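For reference, query21.cif is printed below; it contains mmCIF, C-alpha atoms and all ligand atoms.
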```cif
data_protein
#
loop_
_atom_site.label_atom_id
_atom_site.label_comp_id
_atom_site.auth_asym_id
_atom_site.auth_seq_id
_atom_site.Cartn_x
_atom_site.Cartn_y
_atom_site.Cartn_z
CA MET A 1 -28.95 13.13 -53.78
CA THR A 2 -30.12 12.54 -50.22
CA SER A 3 -30.27 9.47 -48.01
CA THR A 4 -34.09 9.51 -48.23
CA GLU A 5 -33.99 8.55 -51.91
CA PRO A 6 -35.93 5.25 -52.05
CA ASP A 7 -33.75 3.37 -54.57
CA LEU A 8 -30.46 4.48 -53.13
CA PRO A 9 -27.81 1.80 -53.76
CA LEU A 10 -25.55 0.64 -50.95
CA LEU A 11 -22.51 1.76 -52.92
CA ARG A 12 -22.40 4.25 -55.77
CA ILE A 13 -19.14 4.70 -57.64
CA GLY A 14 -19.18 7.75 -59.88
CA GLY A 15 -16.68 8.63 -62.59
CA LEU A 16 -13.81 7.01 -60.80
CA THR A 17 -10.37 7.43 -62.35
CA LYS A 18 -7.01 6.36 -60.93
CA ARG A 19 -3.67 7.19 -62.48
CA PHE A 20 -0.21 6.02 -61.53
CA GLY A 21 2.06 8.61 -63.11
CA GLY A 22 1.07 8.69 -66.77
CA PHE A 23 -0.63 5.29 -66.61
CA THR A 24 -4.42 5.16 -66.23
CA ALA A 25 -5.33 2.09 -64.14
CA LEU A 26 -9.03 3.02 -63.85
CA ASP A 27 -10.80 5.14 -66.40
CA ASN A 28 -14.13 6.79 -65.53
CA VAL A 29 -15.72 3.79 -63.79
CA SER A 30 -19.31 4.25 -62.60
CA VAL A 31 -21.45 1.51 -61.04
CA ASP A 32 -24.13 1.06 -58.37
CA ILE A 33 -24.08 -1.94 -56.03
CA ARG A 34 -27.44 -2.75 -54.46
CA ALA A 35 -27.87 -3.66 -50.79
CA GLY A 36 -27.74 -7.43 -50.39
CA GLU A 37 -26.29 -8.01 -53.84
CA ARG A 38 -23.78 -10.75 -54.72
CA PHE A 39 -21.62 -8.94 -57.25
CA GLY A 40 -18.84 -10.58 -59.27
CA LEU A 41 -15.89 -8.51 -60.51
CA ILE A 42 -13.80 -10.08 -63.26
CA GLY A 43 -11.19 -9.01 -65.78
CA PRO A 44 -7.74 -10.09 -66.98
CA ASN A 45 -4.66 -9.55 -64.81
CA GLY A 46 -3.82 -5.87 -64.61
CA SER A 47 -7.32 -4.73 -65.65
CA GLY A 48 -7.80 -2.66 -62.47
CA LYS A 49 -9.84 -4.92 -60.17
CA THR A 50 -7.67 -4.55 -57.07
CA THR A 51 -7.18 -0.85 -57.82
CA LEU A 52 -10.96 -0.40 -57.80
CA ILE A 53 -11.16 -2.18 -54.44
CA ASN A 54 -8.38 0.05 -53.11
CA CYS A 55 -10.37 3.12 -54.18
CA ILE A 56 -13.55 1.80 -52.50
CA SER A 57 -11.77 0.84 -49.26
CA GLY A 58 -9.83 4.10 -49.12
CA ALA A 59 -6.31 2.74 -49.60
CA PHE A 60 -6.07 4.93 -52.73
CA ARG A 61 -7.41 8.42 -53.33
CA THR A 62 -9.36 8.93 -56.54
CA GLU A 63 -8.68 11.72 -58.93
CA PRO A 64 -11.37 12.42 -59.97
CA GLY A 65 -14.34 10.31 -58.88
CA THR A 66 -16.75 9.88 -56.00
CA VAL A 67 -17.64 7.00 -53.71
CA LEU A 68 -21.03 7.15 -51.99
CA PHE A 69 -21.80 4.61 -49.29
CA ARG A 70 -25.34 4.44 -47.88
CA GLY A 71 -25.98 7.90 -49.28
CA GLU A 72 -22.90 9.45 -47.69
CA ASP A 73 -20.05 10.86 -49.76
CA ILE A 74 -17.10 8.97 -48.29
CA THR A 75 -14.63 10.11 -50.96
CA PRO A 76 -12.67 12.29 -48.49
CA LEU A 77 -12.56 9.63 -45.75
CA PRO A 78 -9.40 7.61 -44.97
CA ALA A 79 -9.52 3.80 -44.93
CA HIS A 80 -10.13 3.32 -41.20
CA MET A 81 -13.14 5.67 -41.27
CA ARG A 82 -14.55 3.66 -44.17
CA THR A 83 -14.02 0.44 -42.18
CA ARG A 84 -16.06 1.94 -39.37
CA ARG A 85 -18.81 2.85 -41.83
CA GLY A 86 -19.03 -0.86 -42.73
CA ILE A 87 -16.67 -1.50 -45.64
CA ALA A 88 -14.30 -4.48 -45.24
CA ARG A 89 -11.97 -6.15 -47.68
CA SER A 90 -9.83 -9.24 -47.70
CA PHE A 91 -6.45 -9.12 -49.37
CA GLN A 92 -5.37 -11.06 -52.46
CA ILE A 93 -2.32 -12.22 -50.50
CA PRO A 94 -3.26 -13.12 -46.89
CA ARG A 95 -1.59 -10.82 -44.37
CA PRO A 96 -1.92 -12.48 -40.95
CA PHE A 97 0.00 -11.28 -37.92
CA LYS A 98 2.16 -14.40 -37.93
CA SER A 99 3.27 -14.29 -34.30
CA MET A 100 -0.35 -14.22 -33.09
CA THR A 101 -3.03 -16.86 -32.75
CA VAL A 102 -6.17 -16.87 -34.86
CA VAL A 103 -8.21 -15.36 -32.00
CA GLU A 104 -5.61 -12.62 -31.48
CA ASN A 105 -5.65 -11.78 -35.18
CA LEU A 106 -9.42 -11.31 -35.07
CA MET A 107 -9.20 -9.22 -31.88
CA VAL A 108 -6.94 -6.74 -33.67
CA ALA A 109 -9.59 -6.36 -36.38
CA LEU A 110 -12.37 -6.13 -33.79
CA ASP A 111 -10.59 -3.39 -31.86
CA PHE A 112 -9.76 -1.53 -35.07
CA ALA A 113 -13.42 -1.38 -36.01
CA THR A 114 -14.76 -0.49 -32.58
CA VAL A 115 -12.33 2.14 -31.27
CA ALA A 116 -14.63 4.93 -32.42
CA GLY A 117 -17.86 2.96 -32.36
CA GLY A 118 -19.52 0.54 -29.95
CA PHE A 119 -17.26 -0.39 -27.06
CA VAL A 120 -16.86 -4.15 -26.62
CA PRO A 121 -16.25 -5.08 -22.94
CA ALA A 122 -13.20 -7.32 -22.45
CA ALA A 123 -15.33 -10.25 -21.27
CA HIS A 124 -17.30 -10.16 -24.49
CA ARG A 125 -14.38 -9.77 -26.88
CA ARG A 126 -13.51 -13.45 -26.94
CA ASP A 127 -17.18 -14.41 -27.25
CA THR A 128 -17.57 -12.04 -30.17
CA VAL A 129 -14.49 -13.41 -31.89
CA MET A 130 -15.48 -17.04 -31.20
CA ALA A 131 -18.88 -16.37 -32.80
CA ILE A 132 -17.17 -15.15 -35.95
CA LEU A 133 -14.86 -18.19 -35.95
CA ALA A 134 -17.92 -20.45 -35.67
CA GLN A 135 -19.57 -18.57 -38.53
CA THR A 136 -16.48 -19.06 -40.70
CA GLY A 137 -15.80 -22.67 -39.69
CA LEU A 138 -12.58 -21.99 -37.79
CA THR A 139 -13.63 -22.81 -34.20
CA SER A 140 -11.10 -25.61 -33.79
CA LYS A 141 -8.26 -23.32 -34.96
CA ALA A 142 -8.97 -20.51 -32.50
CA ASP A 143 -5.85 -20.80 -30.36
CA LEU A 144 -3.41 -21.98 -33.03
CA PRO A 145 -0.72 -19.65 -34.30
CA THR A 146 -1.50 -18.64 -37.88
CA THR A 147 1.62 -20.51 -39.00
CA GLY A 148 -0.34 -23.70 -38.15
CA LEU A 149 -3.05 -22.96 -40.72
CA SER A 150 -3.40 -24.50 -44.17
CA GLN A 151 -3.85 -22.28 -47.23
CA VAL A 152 -7.65 -22.62 -47.25
CA GLU A 153 -7.79 -21.93 -43.50
CA LEU A 154 -5.70 -18.78 -44.02
CA ARG A 155 -8.16 -17.63 -46.69
CA LYS A 156 -11.05 -18.23 -44.33
CA MET A 157 -9.23 -16.35 -41.58
CA GLU A 158 -8.83 -13.40 -43.95
CA LEU A 159 -12.59 -13.40 -44.41
CA ALA A 160 -13.12 -13.87 -40.65
CA ARG A 161 -10.89 -10.85 -39.95
CA ALA A 162 -12.98 -8.81 -42.36
CA MET A 163 -16.14 -10.10 -40.63
CA ALA A 164 -14.77 -8.99 -37.24
CA THR A 165 -15.32 -5.39 -38.36
CA HIS A 166 -19.06 -6.17 -38.81
CA PRO A 167 -19.18 -5.07 -42.43
CA LYS A 168 -22.23 -4.14 -44.46
CA LEU A 169 -20.09 -4.51 -47.59
CA LEU A 170 -17.48 -7.26 -47.83
CA ILE A 171 -15.01 -7.25 -50.70
CA SER A 172 -13.20 -10.51 -51.36
CA ASP A 173 -10.10 -10.18 -53.55
CA GLU A 174 -9.27 -13.55 -55.11
CA ALA A 175 -9.86 -15.54 -51.92
CA MET A 176 -9.81 -18.78 -53.92
CA ALA A 177 -6.58 -18.44 -55.89
CA GLY A 178 -4.38 -21.52 -55.64
CA LEU A 179 -6.97 -23.68 -53.86
CA SER A 180 -8.16 -27.14 -54.90
CA SER A 181 -11.66 -27.41 -56.36
CA SER A 182 -13.13 -28.75 -53.11
CA GLU A 183 -11.45 -25.91 -51.20
CA VAL A 184 -12.83 -23.41 -53.74
CA ASP A 185 -16.30 -24.78 -52.95
CA GLU A 186 -15.66 -24.37 -49.20
CA VAL A 187 -14.76 -20.68 -49.57
CA LEU A 188 -17.61 -20.14 -52.05
CA ASP A 189 -20.11 -21.75 -49.67
CA LEU A 190 -18.84 -19.47 -46.92
CA LEU A 191 -19.28 -16.34 -49.06
CA ILE A 192 -22.78 -17.42 -50.09
CA LYS A 193 -23.64 -18.05 -46.44
CA LEU A 194 -22.40 -14.60 -45.41
CA ALA A 195 -24.44 -13.06 -48.21
CA GLY A 196 -27.44 -14.98 -46.90
CA GLU A 197 -26.93 -13.24 -43.57
CA GLY A 198 -27.50 -9.90 -45.29
CA ILE A 199 -23.95 -8.81 -46.17
CA THR A 200 -23.46 -7.27 -49.58
CA ILE A 201 -20.47 -8.93 -51.25
CA ILE A 202 -18.21 -7.96 -54.11
CA MET A 203 -16.22 -11.02 -55.15
CA ILE A 204 -13.16 -10.70 -57.36
CA GLU A 205 -12.35 -14.07 -58.86
CA HIS A 206 -10.67 -15.73 -61.80
CA ILE A 207 -12.37 -19.09 -61.31
CA MET A 208 -15.32 -18.68 -63.67
CA GLN A 209 -17.41 -21.53 -62.26
CA ALA A 210 -17.23 -19.82 -58.88
CA VAL A 211 -18.13 -16.43 -60.42
CA MET A 212 -21.10 -17.96 -62.23
CA ARG A 213 -22.40 -19.77 -59.15
CA PHE A 214 -21.95 -16.81 -56.83
CA SER A 215 -22.92 -13.72 -58.78
CA GLN A 216 -26.29 -12.11 -59.37
CA ARG A 217 -24.51 -9.59 -61.60
CA VAL A 218 -21.02 -9.59 -63.05
CA MET A 219 -18.88 -6.66 -64.15
CA CYS A 220 -15.85 -7.14 -66.39
CA LEU A 221 -13.00 -4.65 -66.46
CA ASP A 222 -10.40 -4.44 -69.20
CA ALA A 223 -7.58 -1.89 -69.15
CA GLY A 224 -9.38 0.09 -66.44
CA ARG A 225 -12.72 0.32 -68.24
CA ILE A 226 -16.03 -1.48 -67.79
CA ILE A 227 -16.52 -3.63 -70.89
CA ALA A 228 -19.55 -5.60 -69.68
CA LEU A 229 -22.02 -5.45 -66.80
CA GLY A 230 -25.07 -7.64 -66.37
CA ALA A 231 -26.33 -11.15 -65.73
CA PRO A 232 -23.46 -13.71 -65.43
CA ASP A 233 -24.37 -15.72 -68.54
CA GLU A 234 -24.73 -12.54 -70.63
CA VAL A 235 -21.35 -11.23 -69.51
CA MET A 236 -19.62 -14.57 -70.16
CA ALA A 237 -21.14 -14.71 -73.65
CA ASN A 238 -20.05 -11.14 -74.43
CA ARG A 239 -17.60 -10.99 -77.33
CA ARG A 240 -15.47 -8.25 -75.75
CA VAL A 241 -15.18 -10.25 -72.54
CA GLN A 242 -14.08 -13.35 -74.43
CA GLU A 243 -11.55 -11.33 -76.41
CA ALA A 244 -10.18 -9.72 -73.24
CA TYR A 245 -9.55 -13.14 -71.71
CA LEU A 246 -8.14 -14.63 -74.90
CA GLY A 247 -5.71 -11.73 -75.07
CA THR A 248 -4.02 -12.71 -71.81
P1 LIG B 1 -5.89 -6.56 -61.25
O1 LIG B 1 -6.23 -6.61 -59.80
O2 LIG B 1 -7.07 -6.46 -62.15
O3 LIG B 1 -4.99 -7.67 -61.67
P2 LIG B 1 -4.53 -4.11 -60.52
O4 LIG B 1 -5.66 -3.24 -60.11
O5 LIG B 1 -3.72 -4.70 -59.44
O6 LIG B 1 -5.06 -5.22 -61.52
O7 LIG B 1 -3.55 -3.27 -61.44
C1 LIG B 1 -4.00 -2.50 -62.55
C2 LIG B 1 -2.82 -1.81 -63.16
O8 LIG B 1 -2.38 -0.76 -62.29
C3 LIG B 1 -1.62 -2.71 -63.40
O9 LIG B 1 -1.01 -2.33 -64.62
C4 LIG B 1 -0.72 -2.43 -62.23
O10 LIG B 1 0.62 -2.63 -62.56
C5 LIG B 1 -1.02 -0.97 -61.94
N1 LIG B 1 -0.86 -0.64 -60.52
C6 LIG B 1 -1.60 -1.14 -59.49
N2 LIG B 1 -1.20 -0.63 -58.32
C7 LIG B 1 -0.17 0.22 -58.61
C8 LIG B 1 0.67 1.07 -57.82
N3 LIG B 1 0.51 1.14 -56.48
N4 LIG B 1 1.62 1.79 -58.46
C9 LIG B 1 1.75 1.72 -59.80
N5 LIG B 1 0.99 0.95 -60.59
C10 LIG B 1 0.04 0.21 -60.02
MG MG B 2 -5.77 -7.98 -58.29
#
```

How does this structure look as structure tokens?
Amino acid sequence: MTSTEPDLPLLRIGGLTKRFGGFTALDNVSVDIRAGERFGLIGPNGSGKTTLINCISGAFRTEPGTVLFRGEDITPLPAHMRTRRGIARSFQIPRPFKSMTVVENLMVALDFATVAGGFVPAAHRRDTVMAILAQTGLTSKADLPTTGLSQVELRKMELARAMATHPKLLISDEAMAGLSSSEVDEVLDLLIKLAGEGITIIMIEHIMQAVMRFSQRVMCLDAGRIIALGAPDEVMANRRVQEAYLGT
């Protein structure tokens, strides 16, 4: 395959398997994610969703399996090289640098993404970060320590930190867990807005209403295998998907 192939997906996962000792967390997972797609990833607890994200972002090595991003085989690349190629993820449990302000947290992410790439002059760093905070609705929180943020604001800051690396692919790992329904809508609106700006998004979520509203396609994992992939209503109506959720 070459990068001149017309229908090349943004991300192509091929035959991806991940074992922890004798336990197989992902079993021969293959899927293409199209550029600009809003892709929902569901599955019961322990089904391998976060493991798949770790394999895409480079936190885990795959054995075997390949990850192609924009036509390039990134399988051998470590996480920071993948970040610089345009892959960003937010964590299921927010991991702010607690002693820093919101702006400082984003600057760390900005610097991380630009060390090897475009140099951002010091005078422009704050402007760049403030633009991302405006985009994510956190302008008024810019100079607060992260300990002054509410749960929903912390979730948004996680997404803002991911945005500071200027991703082409953003992976959101349960950014809505534990939020009220109006807060879920806030985070969902933000993800839909970012997608509207051209960012491809993989959203892992347990809140089915959010998955249904967000996703153009949904993939369901169970015990490390794909059990359904397709339009949201088709996947939700799938007997194996319903059984997988009833089983938990
Ligand atoms: P999900 O995100 O779908 O809830 P995970 O991908 O976190 O599931 O986990 C899938 C399975 O792999 C679980 O059984 C989990 O215990 C196991 N697992 C995940 N990460 C590790 C690890 N670093 N070491 C050992 N087992 C792991
Ligand atoms: Mg998980």

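Minimum atom-to-atom distance to ligand MG 2 (chain B), evaluated using all atoms listed in the file, belongs to A:Ile93 out of A:Ile93, A:Met236, A:Val187, A:Leu11.
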
| When the cut-off is 12 Å and you count all atoms listed in the file, which residues lie near ligand MG 2 (chain B), shown as a PyMOL selection string? | chain A and resi 25+41-54+90-93+171-175+177+203-206+221

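Going from CA of Arg126 (chain A) to CA of Lys98 (chain A) covers 19.2 Å.
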
| task | Find the distance between atom C1 of ligand LIG 1 (chain B) and CA of Thr75 (chain A) and write it in Å to one decimal. | result |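 About the pair atom C1 of ligand LIG 1 (chain B) and CA of Thr75 (chain A): they are 20.2 Å apart.
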
| task | May I have the residues within 7 Å of region 57-68 of chain A as a VMD selection string, using all atoms listed in the file and disregarding those fewer than 3 positions away in the same chain? | result | chain A and resid 11 to 18 53 to 54 71 to 75 78 to 79 82 87

| message | If we count all atoms listed in the file and set the cut-off at 10 Å, which residues sit around Gly230 (chain A), ignoring sequence neighbours fewer than 4 positions away in its own chain? Please answer as an MDAnalysis selection string. | response | chainID A and resid 39:40 215:220 234:236

For the residues in the current selection, export C-alpha atoms as a PDB file, in the frame of the given file.
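Contents of the output file selection.pdb:
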```pdb
ATOM      1  CA  PHE A  39     -21.620  -8.940 -57.250  1.00  0.00           C
ATOM      2  CA  GLY A  40     -18.840 -10.580 -59.270  1.00  0.00           C
ATOM      3  CA  SER A 215     -22.920 -13.720 -58.780  1.00  0.00           C
ATOM      4  CA  GLN A 216     -26.290 -12.110 -59.370  1.00  0.00           C
ATOM      5  CA  ARG A 217     -24.510  -9.590 -61.600  1.00  0.00           C
ATOM      6  CA  VAL A 218     -21.020  -9.590 -63.050  1.00  0.00           C
ATOM      7  CA  MET A 219     -18.880  -6.660 -64.150  1.00  0.00           C
ATOM      8  CA  CYS A 220     -15.850  -7.140 -66.390  1.00  0.00           C
ATOM      9  CA  GLU A 234     -24.730 -12.540 -70.630  1.00  0.00           C
ATOM     10  CA  VAL A 235     -21.350 -11.230 -69.510  1.00  0.00           C
ATOM     11  CA  MET A 236     -19.620 -14.570 -70.160  1.00  0.00           C
TER      12      MET A 236
END
```

| query | Interatomic distance between CA of Glu243 (chain A) and CA of Ile207 (chain A)? | reply |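 Those two atoms sit 17.0 Å apart.
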
| task | Compare A:Thr101, A:Ser181, A:Thr146, A:Ser30 by their minimum atom-to-atom distance to Gln209 (chain A), counting only C-alpha atoms, and give me the closest one. | result |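 Counting only C-alpha atoms, the residue closest to Gln209 (chain A) is A:Ser181.
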
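Nearest to Pro145 (chain A) of all the residues A:Leu77, A:Val241, A:Val102, A:Leu169 is A:Val102, based on all atoms listed in the file.
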
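Closest approach to ligand LIG 1 (chain B) among A:Pro232, A:Gly224, A:Pro76, A:Gly86: A:Gly224, based on only C-alpha atoms and all ligand atoms.
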
| query | Which of these residues is nearest to Thr83 (chain A), using only C-alpha atoms: A:Leu138, A:Val29, A:Ala109, A:Leu191? | reply |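 Comparing A:Leu138, A:Val29, A:Ala109, A:Leu191 against Thr83 (chain A), the winner is A:Ala109.
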
| request: List the neighbours of Met163 (chain A) out to 9 Å using all atoms listed in the file; skip same-chain residues closer than 3 positions along the sequence, and give me the result as a PyMOL selection string. | output: chain A and resi 88+106+109-110+132+136+158-160+166-167+170

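The nearest approach to Glu104 (chain A) among the residues A:Ala131, A:Cys55, A:Ala223, A:Arg161, with only C-alpha atoms taken into account, belongs to A:Arg161.
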